[in-house]
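Enquirer: Sharing target-v6.pdb (PDB, C-alpha atoms) below.
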```pdb
ATOM      1  CA  MET A 107     110.456 130.511 140.043
ATOM      2  CA  LYS A 108     111.401 131.609 136.526
ATOM      3  CA  LYS A 109     113.885 128.734 136.286
ATOM      4  CA  ILE A 110     111.224 126.219 137.318
ATOM      5  CA  LEU A 111     108.805 127.656 134.752
ATOM      6  CA  LEU A 112     111.450 127.470 131.990
ATOM      7  CA  VAL A 113     112.309 123.854 132.801
ATOM      8  CA  THR A 114     108.600 122.962 132.763
ATOM      9  CA  ILE A 115     108.145 124.539 129.316
ATOM     10  CA  ILE A 116     111.174 122.671 127.957
ATOM     11  CA  ASN A 117     109.898 119.380 129.372
ATOM     12  CA  LEU A 118     106.491 119.855 127.756
ATOM     13  CA  ALA A 119     108.123 120.705 124.428
ATOM     14  CA  PHE A 120     110.200 117.512 124.466
ATOM     15  CA  LEU A 121     107.180 115.424 125.419
ATOM     16  CA  SER A 122     105.244 116.924 122.523
ATOM     17  CA  LEU A 123     108.132 116.199 120.142
ATOM     18  CA  SER A 124     108.505 112.629 121.391
ATOM     19  CA  PHE A 125     104.870 111.574 121.272
ATOM     20  CA  ALA A 126     103.086 113.671 118.629
ATOM     21  CA  GLN A 127     104.487 111.633 115.749
ATOM     22  CA  GLN A 128     103.831 112.392 112.087
ATOM     23  CA  ASP A 129     104.266 110.384 108.903
ATOM     24  CA  PRO A 130     107.782 110.385 107.431
ATOM     25  CA  LEU A 131     108.320 113.144 104.884
ATOM     26  CA  TYR A 132     109.421 112.235 101.326
ATOM     27  CA  SER A 133     110.141 114.056  98.083
ATOM     28  CA  GLN A 134     110.788 111.037  95.829
ATOM     29  CA  TYR A 135     107.175 109.784  96.083
ATOM     30  CA  ILE A 136     106.601 111.092  92.544
ATOM     31  CA  ASN A 137     109.005 108.382  91.326
ATOM     32  CA  ASN A 138     107.776 105.720  93.767
ATOM     33  CA  PRO A 139     104.218 106.263  95.115
ATOM     34  CA  MET A 140     104.577 102.971  97.035
ATOM     35  CA  VAL A 141     105.986 104.944  99.988
ATOM     36  CA  ILE A 142     102.591 106.628 100.534
ATOM     37  CA  ASN A 143     100.057 104.322  98.825
ATOM     38  CA  PRO A 144      99.824 100.490  99.099
ATOM     39  CA  ALA A 145      97.671 100.414  95.933
ATOM     40  CA  TYR A 146     100.879 101.045  93.954
ATOM     41  CA  ALA A 147     102.167  97.554  94.839
ATOM     42  CA  GLY A 148     102.706  95.787  91.510
ATOM     43  CA  LEU A 149     100.888  98.504  89.570
ATOM     44  CA  ASN A 150     103.586  98.902  86.899
ATOM     45  CA  ASN A 151     103.524  95.161  86.156
ATOM     46  CA  ASN A 152     107.074  94.142  87.056
ATOM     47  CA  LEU A 153     109.434  93.850  90.037
ATOM     48  CA  ASN A 154     110.624  97.010  91.757
ATOM     49  CA  ALA A 155     112.840  97.564  94.783
ATOM     50  CA  SER A 156     114.396 100.721  96.190
ATOM     51  CA  ILE A 157     116.130 102.187  99.193
ATOM     52  CA  SER A 158     116.183 105.861 100.118
ATOM     53  CA  TYR A 159     117.796 108.055 102.741
ATOM     54  CA  ARG A 160     116.588 111.505 103.727
ATOM     55  CA  THR A 161     118.292 113.946 106.071
ATOM     56  CA  GLN A 162     116.137 116.981 106.703
ATOM     57  CA  TRP A 163     117.403 120.362 107.923
ATOM     58  CA  GLY A 164     121.042 119.287 108.026
ATOM     59  CA  GLY A 165     122.972 121.126 110.737
ATOM     60  CA  PHE A 166     119.901 121.420 112.969
ATOM     61  CA  GLU A 167     120.555 119.429 116.163
ATOM     62  CA  GLY A 168     118.240 116.415 116.346
ATOM     63  CA  ASN A 169     117.136 116.903 112.728
ATOM     64  CA  PRO A 170     114.775 114.329 111.178
ATOM     65  CA  THR A 171     116.327 111.435 109.227
ATOM     66  CA  THR A 172     114.440 108.694 107.385
ATOM     67  CA  VAL A 173     115.561 105.391 105.850
ATOM     68  CA  ASN A 174     113.042 103.601 103.630
ATOM     69  CA  ALA A 175     113.506 100.193 101.967
ATOM     70  CA  ASN A 176     110.662  98.785  99.904
ATOM     71  CA  GLY A 177     109.927  96.303  97.154
ATOM     72  CA  HIS A 178     106.842  95.204  95.227
ATOM     73  CA  ILE A 179     105.987  92.790  92.424
ATOM     74  CA  SER A 180     103.103  92.069  90.056
ATOM     75  CA  LEU A 181     101.694  88.524  90.276
ATOM     76  CA  VAL A 182      98.928  86.266  88.884
ATOM     77  CA  ASP A 183      99.040  87.536  85.278
ATOM     78  CA  ASN A 184      99.329  91.102  86.540
ATOM     79  CA  ARG A 185      96.034  90.954  88.424
ATOM     80  CA  VAL A 186      97.455  91.312  91.939
ATOM     81  CA  GLY A 187     100.466  92.907  93.556
ATOM     82  CA  ALA A 188     102.483  92.257  96.698
ATOM     83  CA  GLY A 189     104.944  94.470  98.523
ATOM     84  CA  LEU A 190     107.093  95.007 101.605
ATOM     85  CA  LEU A 191     107.944  98.286 103.324
ATOM     86  CA  ILE A 192     110.558  98.864 106.063
ATOM     87  CA  VAL A 193     110.990 102.375 107.480
ATOM     88  CA  GLN A 194     113.036 103.937 110.252
ATOM     89  CA  ASP A 195     112.189 107.554 111.024
ATOM     90  CA  LYS A 196     114.166 109.465 113.665
ATOM     91  CA  ILE A 197     113.744 112.963 115.076
ATOM     92  CA  GLY A 198     115.504 114.138 118.186
ATOM     93  CA  ASN A 199     115.351 111.395 120.806
ATOM     94  CA  ALA A 200     112.348 109.658 119.158
ATOM     95  CA  THR A 201     112.687 106.745 116.713
ATOM     96  CA  ASN A 202     109.864 105.011 114.842
ATOM     97  CA  THR A 203     110.505 101.714 113.055
ATOM     98  CA  GLU A 204     107.817 100.043 110.973
ATOM     99  CA  PHE A 205     107.364  96.850 108.987
ATOM    100  CA  GLN A 206     104.463  96.706 106.532
ATOM    101  CA  VAL A 207     103.271  94.013 104.120
ATOM    102  CA  ALA A 208     101.132  95.275 101.227
ATOM    103  CA  GLY A 209      98.777  93.631  98.769
ATOM    104  CA  SER A 210      96.731  94.990  95.867
ATOM    105  CA  TYR A 211      94.100  93.854  93.391
ATOM    106  CA  LYS A 212      94.029  95.394  89.913
ATOM    107  CA  LEU A 213      91.210  95.829  87.401
ATOM    108  CA  GLN A 214      91.977  96.570  83.744
ATOM    109  CA  LEU A 215      89.652  99.285  82.363
ATOM    110  CA  GLU A 216      90.396  99.652  78.626
ATOM    111  CA  ASP A 217      93.596 101.759  78.625
ATOM    112  CA  MET A 218      93.564 102.363  82.409
ATOM    113  CA  THR A 219      94.227 100.254  85.485
ATOM    114  CA  PHE A 220      92.361 100.622  88.767
ATOM    115  CA  SER A 221      94.056  99.253  91.881
ATOM    116  CA  PHE A 222      92.877  98.789  95.460
ATOM    117  CA  GLY A 223      95.548  98.067  98.047
ATOM    118  CA  MET A 224      95.934  97.416 101.747
ATOM    119  CA  GLN A 225      98.902  97.095 104.060
ATOM    120  CA  ALA A 226      99.316  95.705 107.561
ATOM    121  CA  GLY A 227     102.198  95.561 109.963
ATOM    122  CA  LEU A 228     103.764  96.807 113.139
ATOM    123  CA  ILE A 229     105.092 100.212 114.219
ATOM    124  CA  ASN A 230     107.564 100.482 117.085
ATOM    125  CA  PHE A 231     107.795 103.818 118.917
ATOM    126  CA  GLN A 232     110.861 104.556 121.044
ATOM    127  CA  SER A 233     111.934 107.588 123.029
ATOM    128  CA  ASN A 234     115.427 107.670 124.569
ATOM    129  CA  TYR A 235     115.662 110.396 127.208
ATOM    130  CA  ASN A 236     119.398 109.710 127.700
ATOM    131  CA  GLN A 237     119.963 111.616 124.446
ATOM    132  CA  LEU A 238     118.496 114.841 125.841
ATOM    133  CA  ASN A 239     120.462 117.652 127.455
ATOM    134  CA  LEU A 240     118.196 118.487 130.372
ATOM    135  CA  ALA A 241     118.431 121.442 132.730
ATOM    136  CA  ASP A 242     117.450 119.043 135.509
ATOM    137  CA  PRO A 243     118.771 115.504 134.810
ATOM    138  CA  GLY A 244     116.830 114.217 137.801
ATOM    139  CA  ASP A 245     113.465 115.369 136.464
ATOM    140  CA  PRO A 246     111.109 112.397 137.096
ATOM    141  CA  ALA A 247     109.335 113.029 133.771
ATOM    142  CA  PHE A 248     112.513 111.848 131.990
ATOM    143  CA  THR A 249     113.788 109.055 134.206
ATOM    144  CA  GLY A 250     112.587 106.139 132.069
ATOM    145  CA  ASN A 251     112.823 105.484 128.333
ATOM    146  CA  GLU A 252     109.658 104.665 126.402
ATOM    147  CA  ASN A 253     109.286 101.682 124.055
ATOM    148  CA  LEU A 254     106.049 100.309 122.649
ATOM    149  CA  SER A 255     104.795  98.602 119.506
ATOM    150  CA  LYS A 256     101.393  98.980 117.893
ATOM    151  CA  PRO A 257      99.707  97.190 114.960
ATOM    152  CA  ASN A 258      98.827  99.116 111.829
ATOM    153  CA  ILE A 259      96.628  98.779 108.777
ATOM    154  CA  GLY A 260      96.489 101.110 105.786
ATOM    155  CA  ALA A 261      94.532 101.372 102.546
ATOM    156  CA  GLY A 262      94.636 103.139  99.215
ATOM    157  CA  VAL A 263      93.223 103.285  95.703
ATOM    158  CA  ALA A 264      94.907 104.306  92.463
ATOM    159  CA  LEU A 265      93.950 104.881  88.834
ATOM    160  CA  LYS A 266      96.774 104.785  86.291
ATOM    161  CA  SER A 267      97.306 105.042  82.553
ATOM    162  CA  GLU A 268     100.351 105.965  80.499
ATOM    163  CA  ARG A 269      99.250 109.598  80.651
ATOM    164  CA  PHE A 270      98.163 110.088  84.260
ATOM    165  CA  PHE A 271      98.203 108.763  87.805
ATOM    166  CA  VAL A 272      95.734 109.534  90.616
ATOM    167  CA  GLY A 273      95.927 107.999  94.080
ATOM    168  CA  LEU A 274      94.126 108.406  97.414
ATOM    169  CA  SER A 275      95.510 106.710 100.511
ATOM    170  CA  VAL A 276      95.619 106.492 104.304
ATOM    171  CA  PRO A 277      98.822 104.478 104.961
ATOM    172  CA  ARG A 278      98.286 104.273 108.731
ATOM    173  CA  LEU A 279      94.624 104.019 109.648
ATOM    174  CA  LEU A 280      94.795 103.305 113.367
ATOM    175  CA  SER A 281      94.974 106.271 115.726
ATOM    176  CA  THR A 282      97.192 105.527 118.713
ATOM    177  CA  THR A 283      97.275 106.920 122.224
ATOM    178  CA  PHE A 284     100.007 106.316 124.780
ATOM    179  CA  LYS A 285     100.243 106.550 128.569
ATOM    180  CA  SER A 286     103.711 107.509 129.770
ATOM    181  CA  SER A 287     105.514 106.187 132.830
ATOM    182  CA  MET A 288     104.236 109.303 134.652
ATOM    183  CA  GLY A 289     100.629 108.356 133.872
ATOM    184  CA  GLU A 290     100.153 111.131 131.277
ATOM    185  CA  GLN A 291      98.215 110.231 128.109
ATOM    186  CA  PHE A 292      99.263 111.486 124.681
ATOM    187  CA  ASP A 293      97.939 111.224 121.134
ATOM    188  CA  LEU A 294     100.774 109.214 119.636
ATOM    189  CA  TYR A 295      99.510 109.185 116.069
ATOM    190  CA  ASN A 296      96.658 110.540 113.910
ATOM    191  CA  GLN A 297      95.696 109.442 110.401
ATOM    192  CA  HIS A 298      97.310 111.191 107.436
ATOM    193  CA  TYR A 299      95.312 111.418 104.187
ATOM    194  CA  TYR A 300      97.134 111.664 100.847
ATOM    195  CA  LEU A 301      95.762 112.690  97.447
ATOM    196  CA  PHE A 302      98.377 112.538  94.698
ATOM    197  CA  GLY A 303      97.972 113.236  90.996
ATOM    198  CA  ALA A 304     100.307 113.646  88.033
ATOM    199  CA  TYR A 305      99.939 113.975  84.260
ATOM    200  CA  VAL A 306     102.321 113.502  81.321
ATOM    201  CA  PHE A 307     102.360 115.839  78.326
ATOM    202  CA  ASN A 308     104.247 114.481  75.287
ATOM    203  CA  MET A 309     106.301 117.232  73.632
ATOM    204  CA  GLY A 310     107.377 115.309  70.563
ATOM    205  CA  THR A 311     109.083 111.923  70.717
ATOM    206  CA  ARG A 312     111.864 112.729  73.178
ATOM    207  CA  ILE A 313     110.552 115.182  75.767
ATOM    208  CA  ARG A 314     107.777 114.704  78.321
ATOM    209  CA  LEU A 315     106.473 117.235  80.826
ATOM    210  CA  LYS A 316     105.210 115.790  84.105
ATOM    211  CA  PRO A 317     103.498 118.166  86.557
ATOM    212  CA  GLY A 318     102.131 116.744  89.814
ATOM    213  CA  ILE A 319     100.411 117.710  93.047
ATOM    214  CA  LEU A 320     100.246 116.083  96.479
ATOM    215  CA  LEU A 321      97.730 117.122  99.132
ATOM    216  CA  LYS A 322      98.256 115.862 102.685
ATOM    217  CA  SER A 323      95.784 116.310 105.507
ATOM    218  CA  VAL A 324      96.104 115.433 109.197
ATOM    219  CA  LYS A 325      94.023 116.416 112.197
ATOM    220  CA  GLY A 326      95.314 119.496 113.993
ATOM    221  CA  SER A 327      97.497 120.753 111.100
ATOM    222  CA  PRO A 328      96.787 122.906 108.030
ATOM    223  CA  LEU A 329      96.517 121.247 104.631
ATOM    224  CA  SER A 330      99.959 120.584 103.127
ATOM    225  CA  THR A 331     100.456 121.054  99.373
ATOM    226  CA  ASP A 332     103.363 119.876  97.208
ATOM    227  CA  LEU A 333     103.605 121.173  93.634
ATOM    228  CA  ASN A 334     106.011 119.406  91.239
ATOM    229  CA  PHE A 335     107.068 120.109  87.659
ATOM    230  CA  ASN A 336     109.439 117.651  85.952
ATOM    231  CA  VAL A 337     110.914 117.337  82.477
ATOM    232  CA  ASN A 338     111.832 113.876  81.156
ATOM    233  CA  ILE A 339     114.180 113.306  78.212
ATOM    234  CA  ASP A 340     114.185 110.006  76.283
ATOM    235  CA  GLN A 341     112.492 108.309  79.278
ATOM    236  CA  LEU A 342     115.983 108.188  80.816
ATOM    237  CA  TYR A 343     116.721 111.513  82.492
ATOM    238  CA  THR A 344     114.403 113.630  84.625
ATOM    239  CA  ALA A 345     114.900 117.063  86.177
ATOM    240  CA  GLY A 346     112.372 119.192  87.975
ATOM    241  CA  VAL A 347     111.489 121.751  90.599
ATOM    242  CA  PHE A 348     108.956 121.685  93.420
ATOM    243  CA  THR A 349     107.625 123.604  96.372
ATOM    244  CA  ARG A 350     105.992 122.501  99.619
ATOM    245  CA  ASN A 351     103.491 125.061 100.926
ATOM    246  CA  PHE A 352     105.561 127.797  99.272
ATOM    247  CA  ASN A 353     107.932 127.814 102.250
ATOM    248  CA  THR A 354     110.268 125.060 100.968
ATOM    249  CA  TYR A 355     111.700 124.878  97.443
ATOM    250  CA  GLY A 356     113.814 122.240  95.788
ATOM    251  CA  ILE A 357     115.112 120.436  92.729
ATOM    252  CA  GLN A 358     114.612 116.787  91.770
ATOM    253  CA  LEU A 359     116.929 114.727  89.565
ATOM    254  CA  GLN A 360     116.629 111.144  88.366
ATOM    255  CA  ALA A 361     118.485 108.932  85.898
ATOM    256  CA  LEU A 362     117.525 105.516  84.518
ATOM    257  CA  LEU A 363     120.686 103.472  83.959
ATOM    258  CA  LYS A 364     120.754 100.418  81.684
ATOM    259  CA  GLU A 365     116.922 100.502  81.704
ATOM    260  CA  GLN A 366     116.966  98.854  85.140
ATOM    261  CA  PHE A 367     118.582 101.046  87.773
ATOM    262  CA  ARG A 368     117.124 104.331  89.026
ATOM    263  CA  LEU A 369     119.183 106.932  90.836
ATOM    264  CA  GLY A 370     117.289 109.881  92.268
ATOM    265  CA  TYR A 371     118.348 112.932  94.253
ATOM    266  CA  THR A 372     116.422 115.802  95.841
ATOM    267  CA  PHE A 373     117.803 119.027  97.285
ATOM    268  CA  GLU A 374     115.518 121.257  99.351
ATOM    269  CA  ILE A 375     115.963 124.782 100.699
ATOM    270  CA  PRO A 376     113.529 125.985 103.378
ATOM    271  CA  THR A 377     112.683 129.658 103.651
ATOM    272  CA  ALA A 378     112.589 131.888 106.701
ATOM    273  CA  ALA A 379     108.904 130.940 107.018
ATOM    274  CA  SER A 380     110.091 127.401 107.823
ATOM    275  CA  VAL A 381     113.405 126.913 109.677
ATOM    276  CA  GLY A 382     115.709 129.154 107.651
ATOM    277  CA  THR A 383     117.775 128.722 104.514
ATOM    278  CA  GLN A 384     120.871 127.519 106.374
ATOM    279  CA  PHE A 385     119.253 124.120 107.129
ATOM    280  CA  ASN A 386     119.142 122.281 103.795
ATOM    281  CA  THR A 387     117.614 118.877 103.086
ATOM    282  CA  HIS A 388     119.001 116.020 100.975
ATOM    283  CA  GLU A 389     117.209 112.873  99.830
ATOM    284  CA  ILE A 390     118.784 110.120  97.720
ATOM    285  CA  MET A 391     117.122 107.052  96.241
ATOM    286  CA  LEU A 392     118.525 103.975  94.487
ATOM    287  CA  GLY A 393     116.108 101.580  92.824
ATOM    288  CA  ILE A 394     115.968  98.622  90.477
ATOM    289  CA  ARG A 395     113.259  97.544  88.048
ATOM    290  CA  MET A 396     113.196  94.063  86.482
ATOM    291  CA  SER A 397     110.830  91.917  84.447
ATOM    292  CA  VAL A 398     111.262  88.511  86.064
ATOM    293  CA  LEU A 399     108.019  86.728  85.117
ATOM    294  CA  ASN A 400     106.845  85.967  81.590
ATOM    295  CA  PHE A 401     103.741  88.197  81.930
ATOM    296  CA  HIS A 402     105.695  91.202  83.216
ATOM    297  CA  ASP A 403     105.822  94.409  81.185
ATOM    298  CA  ARG A 404     109.220  95.029  79.521
ATOM    299  CA  SER A 405     108.476  98.633  78.510
ATOM    300  CA  ILE A 406     109.353 101.706  80.576
ATOM    301  CA  SER A 407     106.362 103.189  82.366
ATOM    302  CA  ASN A 408     105.744 106.900  82.919
ATOM    303  CA  PHE A 409     104.621 106.012  86.451
TER
END
```
Using structure tokens, write down the structure that the file contains.

Expert:
Amino acid sequence: MKKILLVTIINLAFLSLSFAQQDPLYSQYINNPMVINPAYAGLNNNLNASISYRTQWGGFEGNPTTVNANGHISLVDNRVGAGLLIVQDKIGNATNTEFQVAGSYKLQLEDMTFSFGMQAGLINFQSNYNQLNLADPGDPAFTGNENLSKPNIGAGVALKSERFFVGLSVPRLLSTTFKSSMGEQFDLYNQHYYLFGAYVFNMGTRIRLKPGILLKSVKGSPLSTDLNFNVNIDQLYTAGVFTRNFNTYGIQLQALLKEQFRLGYTFEIPTAASVGTQFNTHEIMLGIRMSVLNFHDRSISNF
């Protein structure tokens, strides 16, 4: 009887892991808000593209990994923006792959720019039970793999100047439920709300201080808070520290090479209040920025 109860608990845990999906987690959003807000598409008035890879809690079996490739460009005399986002997020036996197309419209307000953006696309959810080590391989709850695709829309707004950035977004607006092969219904996805803000303090001509905060809210979970503090030298090199809910701490590094290429790296250490300090997280980002149209901005933006 105890063995049956244990197997049942394990099965329920895996089902919860497979179907209660969350947004991918990032640390480099402070350098590229496009990953959480479609209103950032084209907002810095040039062409940007980047690819990032994140491995979270390395050494933890089935740890989350995320690959993100995105690009966006400013068009129509810098009045609109367009972008593309491709993401693959994997945790345990569950893999989510999404393709999103983003568009934004920008209004110039004296020395500030207001942007409204939307994105639309498709999210594919997969769960491969063959990757699980089950106590009972013949358990009927795990006899068939799951694979389904759902449409998505998202929206966001942003206000930007050379001194500050504020953005509010819901990248995936549509809640999704799923009925498994056993006839059980699960909440596959709930909306995540993001509020991100950052400010630049000029400390002379060479040094800039850039603190930031990200608030993330989702139904059924406590409010998540990221606090960032970065120092930028000559608009080329950035180093900073951050914490997520005061149970994960990390460092952020970024270099701008030849005024076009961005290389960013994040190292995170969770505390015992999370998963333990032995499971570290690494995130690396490589990006390019170019002015390809005659109305594009050639200067380096703080955001």

Enquirer: Find the distance between CA of Ile157 (chain A) and CA of Leu342 (chain A) and write it in Å to one decimal.

Expert: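 Rounded to one decimal, the two atoms are 19.3 Å apart.
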
Enquirer: Go through the shown structure with the PyMOL selection byres ((chain A and resi 354) around 8) and write out the matching residues as a VMD selection string.

Expert: chain A and resid 349 to 353 355 to 356 374 to 377 380

Enquirer: Those same residues - C-alpha atoms - I'd like them written as a short mmCIF file (atom, residue, chain, number, x, y, z; two decimals), in the frame of the given file.

Expert:
```
data_model
loop_
_atom_site.label_atom_id
_atom_site.label_comp_id
_atom_site.auth_asym_id
_atom_site.auth_seq_id
_atom_site.Cartn_x
_atom_site.Cartn_y
_atom_site.Cartn_z
CA THR A 349 107.62 123.60 96.37
CA ARG A 350 105.99 122.50 99.62
CA ASN A 351 103.49 125.06 100.93
CA PHE A 352 105.56 127.80 99.27
CA ASN A 353 107.93 127.81 102.25
CA TYR A 355 111.70 124.88 97.44
CA GLY A 356 113.81 122.24 95.79
CA GLU A 374 115.52 121.26 99.35
CA ILE A 375 115.96 124.78 100.70
CA PRO A 376 113.53 125.98 103.38
CA THR A 377 112.68 129.66 103.65
CA SER A 380 110.09 127.40 107.82
#
```

Enquirer: Would you work out the distance separating CA of Arg185 (chain A) from CA of Gly273 (chain A), expressed in Å to one decimal?

Expert: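 Atom-to-atom, CA of Arg185 (chain A) and CA of Gly273 (chain A) are spaced 18.0 Å apart.
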
Enquirer: Can you find the residues with an atom no farther than 12 Å from (106.8, 102.7, 91.5), counting only C-alpha atoms, and report them as a PyMOL selection string?

Expert: chain A and resi 134-156+176-180+187+189+266+271+368+393-396+406-409

Enquirer: May I have the selected residues written with C-alpha atoms, as a PDB file, in the coordinates of the input?

Expert:
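out_18.pdb was written with the following content:
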```
ATOM      1  CA  GLN A 134     110.788 111.037  95.829  1.00  0.00           C
ATOM      2  CA  TYR A 135     107.175 109.784  96.083  1.00  0.00           C
ATOM      3  CA  ILE A 136     106.601 111.092  92.544  1.00  0.00           C
ATOM      4  CA  ASN A 137     109.005 108.382  91.326  1.00  0.00           C
ATOM      5  CA  ASN A 138     107.776 105.720  93.767  1.00  0.00           C
ATOM      6  CA  PRO A 139     104.218 106.263  95.115  1.00  0.00           C
ATOM      7  CA  MET A 140     104.577 102.971  97.035  1.00  0.00           C
ATOM      8  CA  VAL A 141     105.986 104.944  99.988  1.00  0.00           C
ATOM      9  CA  ILE A 142     102.591 106.628 100.534  1.00  0.00           C
ATOM     10  CA  ASN A 143     100.057 104.322  98.825  1.00  0.00           C
ATOM     11  CA  PRO A 144      99.824 100.490  99.099  1.00  0.00           C
ATOM     12  CA  ALA A 145      97.671 100.414  95.933  1.00  0.00           C
ATOM     13  CA  TYR A 146     100.879 101.045  93.954  1.00  0.00           C
ATOM     14  CA  ALA A 147     102.167  97.554  94.839  1.00  0.00           C
ATOM     15  CA  GLY A 148     102.706  95.787  91.510  1.00  0.00           C
ATOM     16  CA  LEU A 149     100.888  98.504  89.570  1.00  0.00           C
ATOM     17  CA  ASN A 150     103.586  98.902  86.899  1.00  0.00           C
ATOM     18  CA  ASN A 151     103.524  95.161  86.156  1.00  0.00           C
ATOM     19  CA  ASN A 152     107.074  94.142  87.056  1.00  0.00           C
ATOM     20  CA  LEU A 153     109.434  93.850  90.037  1.00  0.00           C
ATOM     21  CA  ASN A 154     110.624  97.010  91.757  1.00  0.00           C
ATOM     22  CA  ALA A 155     112.840  97.564  94.783  1.00  0.00           C
ATOM     23  CA  SER A 156     114.396 100.721  96.190  1.00  0.00           C
ATOM     24  CA  ASN A 176     110.662  98.785  99.904  1.00  0.00           C
ATOM     25  CA  GLY A 177     109.927  96.303  97.154  1.00  0.00           C
ATOM     26  CA  HIS A 178     106.842  95.204  95.227  1.00  0.00           C
ATOM     27  CA  ILE A 179     105.987  92.790  92.424  1.00  0.00           C
ATOM     28  CA  SER A 180     103.103  92.069  90.056  1.00  0.00           C
ATOM     29  CA  GLY A 187     100.466  92.907  93.556  1.00  0.00           C
ATOM     30  CA  GLY A 189     104.944  94.470  98.523  1.00  0.00           C
ATOM     31  CA  LYS A 266      96.774 104.785  86.291  1.00  0.00           C
ATOM     32  CA  PHE A 271      98.203 108.763  87.805  1.00  0.00           C
ATOM     33  CA  ARG A 368     117.124 104.331  89.026  1.00  0.00           C
ATOM     34  CA  GLY A 393     116.108 101.580  92.824  1.00  0.00           C
ATOM     35  CA  ILE A 394     115.968  98.622  90.477  1.00  0.00           C
ATOM     36  CA  ARG A 395     113.259  97.544  88.048  1.00  0.00           C
ATOM     37  CA  MET A 396     113.196  94.063  86.482  1.00  0.00           C
ATOM     38  CA  ILE A 406     109.353 101.706  80.576  1.00  0.00           C
ATOM     39  CA  SER A 407     106.362 103.189  82.366  1.00  0.00           C
ATOM     40  CA  ASN A 408     105.744 106.900  82.919  1.00  0.00           C
ATOM     41  CA  PHE A 409     104.621 106.012  86.451  1.00  0.00           C
TER      42      PHE A 409
END
```

Enquirer: Mind giving me the straight-line distance from CA of Met218 (chain A) to CA of Ala264 (chain A) in Å, one decimal?

Expert: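 Taking CA of Met218 (chain A) and CA of Ala264 (chain A), their separation equals 10.3 Å.
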
Enquirer: When you count only C-alpha atoms, which of these residues is closest to Tyr211 (chain A): A:Asn184, A:Asn174, A:Asn253, A:Gln162?

Expert: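 Closest to Tyr211 (chain A) of all the choices is A:Asn184.
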
Enquirer: Which polymer residues, protein or nucleic acid, are no farther than 9 Å from (102.7, 118.5, 98.5), counting only C-alpha atoms, as a PyMOL selection string?

Expert: chain A and resi 133+302+318-322+330-334+348-351

Enquirer: Would you list the contacts of Val337 (chain A) as a PyMOL selection string, taking every protein, DNA or RNA residue within 9 Å and counting only C-alpha atoms, but skipping same-chain residues closer than 4 positions in sequence?

Expert: chain A and resi 313-317+343-346

Enquirer: Residues picked by the PyMOL selection byres ((chain A and resi 278) around 7) here, as a short mmCIF file (atom, residue, chain, number, x, y, z; two decimals) with C-alpha atoms, in the coordinates of the input?

Expert:
```
data_model
loop_
_atom_site.label_atom_id
_atom_site.label_comp_id
_atom_site.auth_asym_id
_atom_site.auth_seq_id
_atom_site.Cartn_x
_atom_site.Cartn_y
_atom_site.Cartn_z
CA ASN A 258 98.83 99.12 111.83
CA ILE A 259 96.63 98.78 108.78
CA GLY A 260 96.49 101.11 105.79
CA VAL A 276 95.62 106.49 104.30
CA PRO A 277 98.82 104.48 104.96
CA LEU A 279 94.62 104.02 109.65
CA LEU A 280 94.80 103.30 113.37
CA GLN A 297 95.70 109.44 110.40
#
```

Enquirer: Name all residues at most 10 Å from Gln232 (chain A) (count all atoms listed in the file; drop same-chain ones fewer than 5 positions away) and give them as a ChimeraX atom specification.

Expert: /A:124-125,196,199-203,251-255

Enquirer: Would you mind telling me which residue in A:Leu301, A:Leu392, A:Ile357, A:Leu369 lies nearest to Gly262 (chain A) when using all atoms listed in the file?

Expert: A:Leu301

Enquirer: Restricting the calculation to only C-alpha atoms, which member of A:Phe385, A:Tyr300, A:Phe335, A:Phe373 is positioned closest to Gly165 (chain A)?

Expert: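 Distance minimum relative to Gly165 (chain A) lands on A:Phe385.
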
Enquirer: Using all atoms listed in the file, which residues sit within 6 Å of region 205-208 of chain A once same-chain residues fewer than 2 positions away are excluded, as a PyMOL selection string?

Expert: chain A and resi 144+188-192+224-228

Enquirer: Looking at all atoms listed in the file, which of A:Phe270, A:Tyr371, A:Lys256, A:Gln128 is the one that sits closest to Val306 (chain A)?

Expert: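 Of all the options, A:Phe270 lies closest to Val306 (chain A).
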
Enquirer: Output the residue selection produced by the PyMOL selection byres ((chain A and resi 130) around 9) on the file above, formatted as an mmCIF file with C-alpha atoms, in the coordinates of the input.

Expert:
```cif
data_model
loop_
_atom_site.group_PDB
_atom_site.id
_atom_site.type_symbol
_atom_site.label_atom_id
_atom_site.label_comp_id
_atom_site.auth_asym_id
_atom_site.auth_seq_id
_atom_site.Cartn_x
_atom_site.Cartn_y
_atom_site.Cartn_z
ATOM 1 C CA GLN A 128 103.831 112.392 112.087
ATOM 2 C CA ASP A 129 104.266 110.384 108.903
ATOM 3 C CA LEU A 131 108.320 113.144 104.884
ATOM 4 C CA TYR A 132 109.421 112.235 101.326
ATOM 5 C CA PRO A 170 114.775 114.329 111.178
ATOM 6 C CA THR A 171 116.327 111.435 109.227
ATOM 7 C CA THR A 172 114.440 108.694 107.385
ATOM 8 C CA VAL A 193 110.990 102.375 107.480
ATOM 9 C CA GLN A 194 113.036 103.937 110.252
ATOM 10 C CA ASP A 195 112.189 107.554 111.024
ATOM 11 C CA LYS A 196 114.166 109.465 113.665
#
```
